[in-house]
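What's in target01.txt: compact mmCIF, C-alpha atoms
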```txt
# COMPACT_ATOMS: atom_id res chain seq x y z
CA ASN A 68 89.79 -38.85 -138.37
CA ALA A 69 89.35 -36.30 -141.15
CA GLY A 70 88.47 -39.01 -143.69
CA VAL A 71 89.09 -37.77 -147.24
CA THR A 72 90.16 -34.16 -147.68
CA GLN A 73 90.45 -32.18 -150.92
CA THR A 74 91.99 -28.83 -151.76
CA PRO A 75 91.04 -26.39 -153.06
CA LYS A 76 87.25 -26.26 -152.57
CA PHE A 77 86.75 -23.82 -155.45
CA GLN A 78 88.93 -22.77 -158.38
CA VAL A 79 88.53 -20.63 -161.48
CA LEU A 80 91.02 -21.13 -164.30
CA LYS A 81 91.49 -19.57 -167.68
CA THR A 82 91.71 -21.82 -170.73
CA GLY A 83 95.24 -23.18 -171.04
CA GLN A 84 96.22 -22.75 -167.40
CA SER A 85 97.35 -25.72 -165.35
CA MET A 86 96.58 -26.77 -161.83
CA THR A 87 96.79 -29.70 -159.43
CA LEU A 88 93.94 -30.90 -157.25
CA GLN A 89 95.09 -32.43 -154.00
CA CYS A 90 93.51 -35.34 -152.14
CA ALA A 91 94.52 -37.08 -148.93
CA GLN A 92 92.96 -39.82 -146.79
CA ASP A 93 93.79 -40.89 -143.26
CA MET A 94 92.00 -44.25 -143.25
CA ASN A 95 94.97 -46.32 -144.46
CA HIS A 96 93.09 -47.37 -147.60
CA ASN A 97 94.97 -48.90 -150.49
CA SER A 98 92.66 -47.75 -153.28
CA MET A 99 91.97 -44.16 -154.28
CA TYR A 100 89.92 -42.61 -157.09
CA TRP A 101 89.23 -39.39 -158.96
CA TYR A 102 85.76 -38.72 -160.38
CA ARG A 103 84.13 -35.83 -162.15
CA GLN A 104 80.46 -35.01 -161.80
CA ASP A 105 78.56 -33.00 -164.38
CA PRO A 106 74.85 -32.15 -164.26
CA GLY A 107 72.76 -35.15 -165.28
CA MET A 108 75.83 -37.32 -165.85
CA GLY A 109 76.41 -38.98 -162.51
CA LEU A 110 79.96 -39.66 -161.38
CA ARG A 111 82.47 -40.67 -164.00
CA LEU A 112 85.81 -42.22 -163.13
CA ILE A 113 88.87 -40.33 -164.37
CA TYR A 114 91.74 -42.32 -162.85
CA TYR A 115 92.24 -44.70 -159.98
CA SER A 116 95.07 -46.17 -157.97
CA ALA A 117 94.62 -49.67 -156.59
CA SER A 118 97.71 -49.37 -154.42
CA GLU A 119 100.68 -47.11 -153.77
CA GLY A 120 102.79 -46.95 -156.91
CA THR A 121 100.07 -47.92 -159.40
CA THR A 122 97.61 -45.85 -161.40
CA ASP A 123 95.09 -46.79 -164.09
CA LYS A 124 92.81 -44.96 -166.47
CA GLY A 125 89.11 -44.81 -165.87
CA GLU A 126 86.27 -43.87 -168.19
CA VAL A 127 87.32 -40.26 -168.97
CA PRO A 128 91.12 -39.85 -168.55
CA ASN A 129 91.87 -37.53 -171.48
CA GLY A 130 93.30 -34.17 -170.40
CA TYR A 131 94.29 -35.38 -166.93
CA ASN A 132 97.27 -36.91 -165.19
CA VAL A 133 97.56 -38.35 -161.70
CA SER A 134 100.23 -39.07 -159.13
CA ARG A 135 99.96 -41.45 -156.19
CA LEU A 136 102.48 -39.65 -154.03
CA ASN A 137 102.26 -42.12 -151.14
CA LYS A 138 99.57 -44.24 -149.53
CA ARG A 139 97.72 -41.17 -148.22
CA GLU A 140 97.88 -38.78 -151.18
CA PHE A 141 96.54 -38.93 -154.74
CA SER A 142 96.70 -35.80 -156.88
CA LEU A 143 95.00 -34.91 -160.17
CA ARG A 144 96.67 -32.54 -162.63
CA LEU A 145 95.15 -30.58 -165.48
CA GLU A 146 98.04 -29.59 -167.75
CA SER A 147 96.11 -27.26 -170.06
CA ALA A 148 92.61 -26.60 -168.81
CA ALA A 149 89.70 -26.48 -171.24
CA PRO A 150 86.10 -25.25 -170.71
CA SER A 151 84.94 -28.88 -171.08
CA GLN A 152 86.75 -29.60 -167.82
CA THR A 153 84.42 -27.34 -165.87
CA SER A 154 82.99 -29.76 -163.34
CA VAL A 155 82.90 -30.88 -159.72
CA TYR A 156 85.79 -33.21 -158.92
CA PHE A 157 85.53 -35.80 -156.18
CA CYS A 158 88.31 -37.87 -154.69
CA ALA A 159 87.50 -41.13 -152.94
CA SER A 160 89.22 -43.97 -151.15
CA SER A 161 87.86 -47.44 -150.55
CA HIS A 162 87.77 -50.27 -148.10
CA ILE A 163 86.62 -53.42 -149.93
CA TYR A 164 83.29 -52.42 -151.51
CA GLU A 165 82.66 -49.10 -149.69
CA GLN A 166 83.97 -45.85 -151.13
CA TYR A 167 84.47 -42.75 -148.98
CA PHE A 168 84.28 -39.43 -150.78
CA GLY A 169 85.87 -36.07 -150.15
CA PRO A 170 83.86 -32.82 -150.19
CA GLY A 171 84.72 -32.02 -153.81
CA THR A 172 86.46 -29.27 -155.78
CA ARG A 173 84.28 -27.02 -157.89
CA LEU A 174 86.31 -26.03 -160.95
CA THR A 175 85.31 -23.48 -163.55
CA VAL A 176 87.37 -23.01 -166.70
CA THR A 177 86.64 -19.81 -168.64
CA GLY B 980 82.09 -52.08 -169.43
CA GLN B 981 78.95 -51.27 -167.52
CA SER B 982 75.91 -49.12 -168.09
CA LEU B 983 73.17 -48.49 -165.53
CA GLU B 984 69.71 -47.04 -165.95
CA GLN B 985 67.65 -45.44 -163.20
CA PRO B 986 64.77 -42.93 -163.21
CA SER B 987 65.81 -39.30 -163.19
CA GLU B 988 63.31 -38.19 -160.57
CA VAL B 989 60.89 -39.66 -158.04
CA THR B 990 58.50 -37.79 -155.76
CA ALA B 991 56.84 -38.98 -152.57
CA VAL B 992 55.30 -37.66 -149.34
CA GLU B 993 56.58 -37.90 -145.80
CA GLY B 994 55.89 -41.24 -144.18
CA ALA B 995 55.47 -43.04 -147.49
CA ILE B 996 57.55 -45.82 -149.06
CA VAL B 997 59.44 -45.30 -152.31
CA GLN B 998 61.35 -47.69 -154.55
CA ILE B 999 64.15 -46.57 -156.88
CA ASN B 1000 64.91 -49.09 -159.60
CA CYS B 1001 68.19 -49.73 -161.35
CA THR B 1002 68.88 -51.95 -164.34
CA TYR B 1003 72.36 -52.69 -165.56
CA GLN B 1004 74.23 -54.13 -168.50
CA THR B 1005 77.56 -55.50 -167.50
CA SER B 1006 80.71 -57.37 -168.02
CA GLY B 1007 82.66 -58.40 -164.94
CA PHE B 1008 79.85 -57.52 -162.51
CA TYR B 1009 80.62 -58.11 -158.84
CA GLY B 1010 77.72 -56.44 -157.07
CA LEU B 1011 75.47 -53.39 -156.80
CA SER B 1012 75.99 -50.43 -154.48
CA TRP B 1013 73.81 -47.46 -153.59
CA TYR B 1014 75.02 -43.97 -152.65
CA GLN B 1015 73.18 -40.89 -151.40
CA GLN B 1016 74.16 -37.33 -152.27
CA HIS B 1017 72.66 -34.17 -150.78
CA ASP B 1018 72.79 -30.95 -152.82
CA GLY B 1019 76.06 -31.72 -154.61
CA GLY B 1020 77.86 -32.67 -151.41
CA ALA B 1021 79.98 -35.75 -150.93
CA PRO B 1022 78.24 -39.00 -151.92
CA THR B 1023 77.82 -41.37 -148.98
CA PHE B 1024 77.57 -45.14 -149.04
CA LEU B 1025 74.19 -46.70 -148.26
CA SER B 1026 74.38 -50.39 -149.15
CA TYR B 1027 76.02 -53.15 -151.18
CA ASN B 1028 74.48 -56.33 -152.58
CA ALA B 1029 76.89 -59.03 -153.63
CA LEU B 1030 74.27 -61.80 -153.66
CA ASP B 1031 70.68 -62.00 -154.84
CA GLY B 1032 68.12 -60.95 -152.29
CA LEU B 1033 67.27 -58.21 -149.88
CA GLU B 1034 69.68 -56.37 -147.56
CA GLU B 1035 68.10 -54.26 -144.82
CA THR B 1036 69.71 -51.36 -142.98
CA GLY B 1037 67.26 -49.46 -140.83
CA ARG B 1038 64.72 -47.64 -142.99
CA PHE B 1039 66.63 -48.49 -146.17
CA SER B 1040 66.67 -51.84 -147.96
CA SER B 1041 68.36 -52.86 -151.19
CA PHE B 1042 67.58 -55.75 -153.49
CA LEU B 1043 69.50 -57.49 -156.25
CA SER B 1044 68.48 -60.01 -158.90
CA ARG B 1045 71.47 -61.06 -160.99
CA SER B 1046 69.35 -63.12 -163.35
CA ASP B 1047 67.29 -60.02 -164.21
CA SER B 1048 70.24 -57.57 -164.07
CA TYR B 1049 68.07 -55.50 -161.76
CA GLY B 1050 68.17 -53.98 -158.34
CA TYR B 1051 66.29 -51.46 -156.28
CA LEU B 1052 66.61 -49.26 -153.23
CA LEU B 1053 63.59 -49.16 -150.92
CA LEU B 1054 63.16 -46.25 -148.55
CA GLN B 1055 60.52 -46.57 -145.84
CA GLU B 1056 58.98 -44.04 -143.47
CA LEU B 1057 60.23 -41.21 -145.68
CA GLN B 1058 61.49 -38.07 -143.99
CA MET B 1059 62.15 -34.64 -145.46
CA LYS B 1060 65.89 -35.20 -144.95
CA ASP B 1061 65.71 -38.11 -147.42
CA SER B 1062 65.33 -35.59 -150.25
CA ALA B 1063 68.57 -36.18 -152.13
CA SER B 1064 70.01 -37.84 -155.20
CA TYR B 1065 70.47 -41.60 -155.11
CA PHE B 1066 72.96 -43.41 -157.32
CA CYS B 1067 73.22 -47.08 -158.10
CA ALA B 1068 76.72 -48.23 -158.94
CA ALA B 1069 78.05 -51.49 -160.31
CA MET B 1070 81.12 -52.92 -158.66
CA ASN B 1071 83.52 -54.16 -161.31
CA SER B 1072 85.56 -57.31 -161.01
CA GLY B 1073 88.01 -57.51 -158.14
CA TYR B 1074 86.39 -54.66 -156.21
CA SER B 1075 88.53 -52.39 -158.36
CA THR B 1076 86.14 -49.72 -159.58
CA LEU B 1077 82.54 -48.53 -159.55
CA THR B 1078 80.46 -47.48 -162.54
CA PHE B 1079 77.68 -45.11 -161.50
CA GLY B 1080 74.21 -44.56 -162.90
CA LYS B 1081 73.15 -40.99 -163.63
CA GLY B 1082 71.23 -40.72 -160.37
CA THR B 1083 67.64 -40.37 -159.19
CA MET B 1084 66.55 -37.18 -157.50
CA LEU B 1085 64.09 -37.95 -154.71
CA LEU B 1086 61.81 -35.13 -153.64
CA VAL B 1087 59.95 -35.69 -150.37
CA SER B 1088 57.09 -33.32 -149.68
CA PRO B 1089 55.17 -32.71 -146.43
```
Just dump the structure as structure tokens.
Amino acid sequence: NAGVTQTPKFQVLKTGQSMTLQCAQDMNHNSMYWYRQDPGMGLRLIYYSASEGTTDKGEVPNGYNVSRLNKREFSLRLESAAPSQTSVYFCASSHIYEQYFGPGTRLTVT
Amino acid sequence: GQSLEQPSEVTAVEGAIVQINCTYQTSGFYGLSWYQQHDGGAPTFLSYNALDGLEETGRFSSFLSRSDSYGYLLLQELQMKDSASYFCAAMNSGYSTLTFGKGTMLLVSP
């Protein structure tokens, strides 16, 4: 099992560009999450999907959109990137109370 | 919503015991989780306390007191590889989402 995979691992964008971060899990989990992690800020929830076909906002959803493509895949889209979105983005899936994280995408917006 | 407080940094020596405290303010609190993260890599699950008391998993133990809105992670027989960031996280109602603290960096020296 690969667990949770994320692509790309690194990305540099210019202000105003758009991009989609991809996430997939092979553990047959219903729930999936997107977090951002900034220095000294811990992990903050952007969006989550409790099951296929549903998505909900987390703590910091502004500037992002998500799509739960199927049970395996949950993507995060930045429509118009801003320097404030420079961060490390983690995708996760969960089984009951345990969350499994992907390796992260390190995004820099210049 | 939830907010969690934990120390930003703790230092200890190999072989020692260290306790990382976490206090929380909550609505809809289900339980307290702990995650470990090495050098910005993927966070990994350590433990979950749904009920008051101590949960032991090998060298790591976690404690919860709902009446005091307080928990801690206890690491025994510290090893150099335990140097990492440790996050407490509150499970929100229905096992839907986690709210993370800002993390405690543990530095283990020889």
Using only C-alpha atoms and a cut-off of 10 Å, which residues of chain B sit close to chain A? Please list them as a PyMOL selection string. chain B and resi 980+987+1009-1014+1019-1029+1064-1068+1070-1071+1073-1083
Please produce a file of the residues just selected, as a PDB file, in the coordinates of the input, where the atoms kept are C-alpha atoms.
```pdb
ATOM      1  CA  GLY B 980      82.090 -52.080-169.430  1.00  0.00           C
ATOM      2  CA  SER B 987      65.810 -39.300-163.190  1.00  0.00           C
ATOM      3  CA  TYR B1009      80.620 -58.110-158.840  1.00  0.00           C
ATOM      4  CA  GLY B1010      77.720 -56.440-157.070  1.00  0.00           C
ATOM      5  CA  LEU B1011      75.470 -53.390-156.800  1.00  0.00           C
ATOM      6  CA  SER B1012      75.990 -50.430-154.480  1.00  0.00           C
ATOM      7  CA  TRP B1013      73.810 -47.460-153.590  1.00  0.00           C
ATOM      8  CA  TYR B1014      75.020 -43.970-152.650  1.00  0.00           C
ATOM      9  CA  GLY B1019      76.060 -31.720-154.610  1.00  0.00           C
ATOM     10  CA  GLY B1020      77.860 -32.670-151.410  1.00  0.00           C
ATOM     11  CA  ALA B1021      79.980 -35.750-150.930  1.00  0.00           C
ATOM     12  CA  PRO B1022      78.240 -39.000-151.920  1.00  0.00           C
ATOM     13  CA  THR B1023      77.820 -41.370-148.980  1.00  0.00           C
ATOM     14  CA  PHE B1024      77.570 -45.140-149.040  1.00  0.00           C
ATOM     15  CA  LEU B1025      74.190 -46.700-148.260  1.00  0.00           C
ATOM     16  CA  SER B1026      74.380 -50.390-149.150  1.00  0.00           C
ATOM     17  CA  TYR B1027      76.020 -53.150-151.180  1.00  0.00           C
ATOM     18  CA  ASN B1028      74.480 -56.330-152.580  1.00  0.00           C
ATOM     19  CA  ALA B1029      76.890 -59.030-153.630  1.00  0.00           C
ATOM     20  CA  SER B1064      70.010 -37.840-155.200  1.00  0.00           C
ATOM     21  CA  TYR B1065      70.470 -41.600-155.110  1.00  0.00           C
ATOM     22  CA  PHE B1066      72.960 -43.410-157.320  1.00  0.00           C
ATOM     23  CA  CYS B1067      73.220 -47.080-158.100  1.00  0.00           C
ATOM     24  CA  ALA B1068      76.720 -48.230-158.940  1.00  0.00           C
ATOM     25  CA  MET B1070      81.120 -52.920-158.660  1.00  0.00           C
ATOM     26  CA  ASN B1071      83.520 -54.160-161.310  1.00  0.00           C
ATOM     27  CA  GLY B1073      88.010 -57.510-158.140  1.00  0.00           C
ATOM     28  CA  TYR B1074      86.390 -54.660-156.210  1.00  0.00           C
ATOM     29  CA  SER B1075      88.530 -52.390-158.360  1.00  0.00           C
ATOM     30  CA  THR B1076      86.140 -49.720-159.580  1.00  0.00           C
ATOM     31  CA  LEU B1077      82.540 -48.530-159.550  1.00  0.00           C
ATOM     32  CA  THR B1078      80.460 -47.480-162.540  1.00  0.00           C
ATOM     33  CA  PHE B1079      77.680 -45.110-161.500  1.00  0.00           C
ATOM     34  CA  GLY B1080      74.210 -44.560-162.900  1.00  0.00           C
ATOM     35  CA  LYS B1081      73.150 -40.990-163.630  1.00  0.00           C
ATOM     36  CA  GLY B1082      71.230 -40.720-160.370  1.00  0.00           C
ATOM     37  CA  THR B1083      67.640 -40.370-159.190  1.00  0.00           C
TER      38      THR B1083
END
```
Proximity to Val1087 in chain B - best of B:Ser1048, B:Gln1015, B:Thr990, B:Ser1006, only C-alpha atoms: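 Looking at the shortest contact to Val1087 in chain B, the residue is B:Thr990.
The coordinates place CA of Ser1072 in chain B at 19.8 Å from CA of Gly1032 in chain B.
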Given the choices A:Asn129, A:Ser134, A:Trp101, A:Met94, which gets closest to Gln73 in chain A if the distance is worked out from only C-alpha atoms?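 The shortest atom-to-atom distance to Gln73 in chain A comes from A:Trp101.
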Nearby residues (all atoms listed in the file) at most 9 Å from Pro75 in chain A, same-chain spacing under 2 positions excluded, as a list of chain:residue names: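 Residues near the query, excluding close chain neighbours: A:Gln73, A:Phe77, A:Gln78, A:Leu88, A:Gln89, A:Gly171, A:Thr172, A:Arg173.
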Between CA of Ile113 in chain A and CA of Asn137 in chain A - distance in Å to one decimal: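 Distance between the two atoms: 18.9 Å.
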Who sits within 10 Å of Val992 in chain B, only C-alpha atoms, same chain under 4 positions skipped, as a PDB file with C-alpha atoms, keeping the file's coordinate frame:
```pdb
ATOM      1  CA  ILE B 996      57.550 -45.820-149.060  1.00  0.00           C
ATOM      2  CA  VAL B 997      59.440 -45.300-152.310  1.00  0.00           C
ATOM      3  CA  GLU B1056      58.980 -44.040-143.470  1.00  0.00           C
ATOM      4  CA  LEU B1057      60.230 -41.210-145.680  1.00  0.00           C
ATOM      5  CA  GLN B1058      61.490 -38.070-143.990  1.00  0.00           C
ATOM      6  CA  MET B1059      62.150 -34.640-145.460  1.00  0.00           C
ATOM      7  CA  LEU B1086      61.810 -35.130-153.640  1.00  0.00           C
ATOM      8  CA  VAL B1087      59.950 -35.690-150.370  1.00  0.00           C
ATOM      9  CA  SER B1088      57.090 -33.320-149.680  1.00  0.00           C
ATOM     10  CA  PRO B1089      55.170 -32.710-146.430  1.00  0.00           C
TER      11      PRO B1089
END
```
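Take CA of Tyr156 in chain A and CA of Glu119 in chain A: the distance between them is 21.0 Å.
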If we count all atoms listed in the file and set the cut-off at 9 Å, which residues sit around Gln998 in chain B, ignoring sequence neighbours fewer than 5 positions away in its own chain? Please answer as a list in words.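 So the residues in contact are Val989, Tyr1051, Leu1052, Leu1053, Leu1054 and Gln1055 of chain B.
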Report the centre and edge lengths, in Å to one decimal, of an axis-aligned box enclosing every atom of range 132-144 of chain A listed in the file, padded by 3 Å on each side, as AutoDock Vina command-line options.
```
--center_x 98.7 --center_y -38.4 --center_z -156.7 --size_x 13.5 --size_y 17.7 --size_z 23.0
```
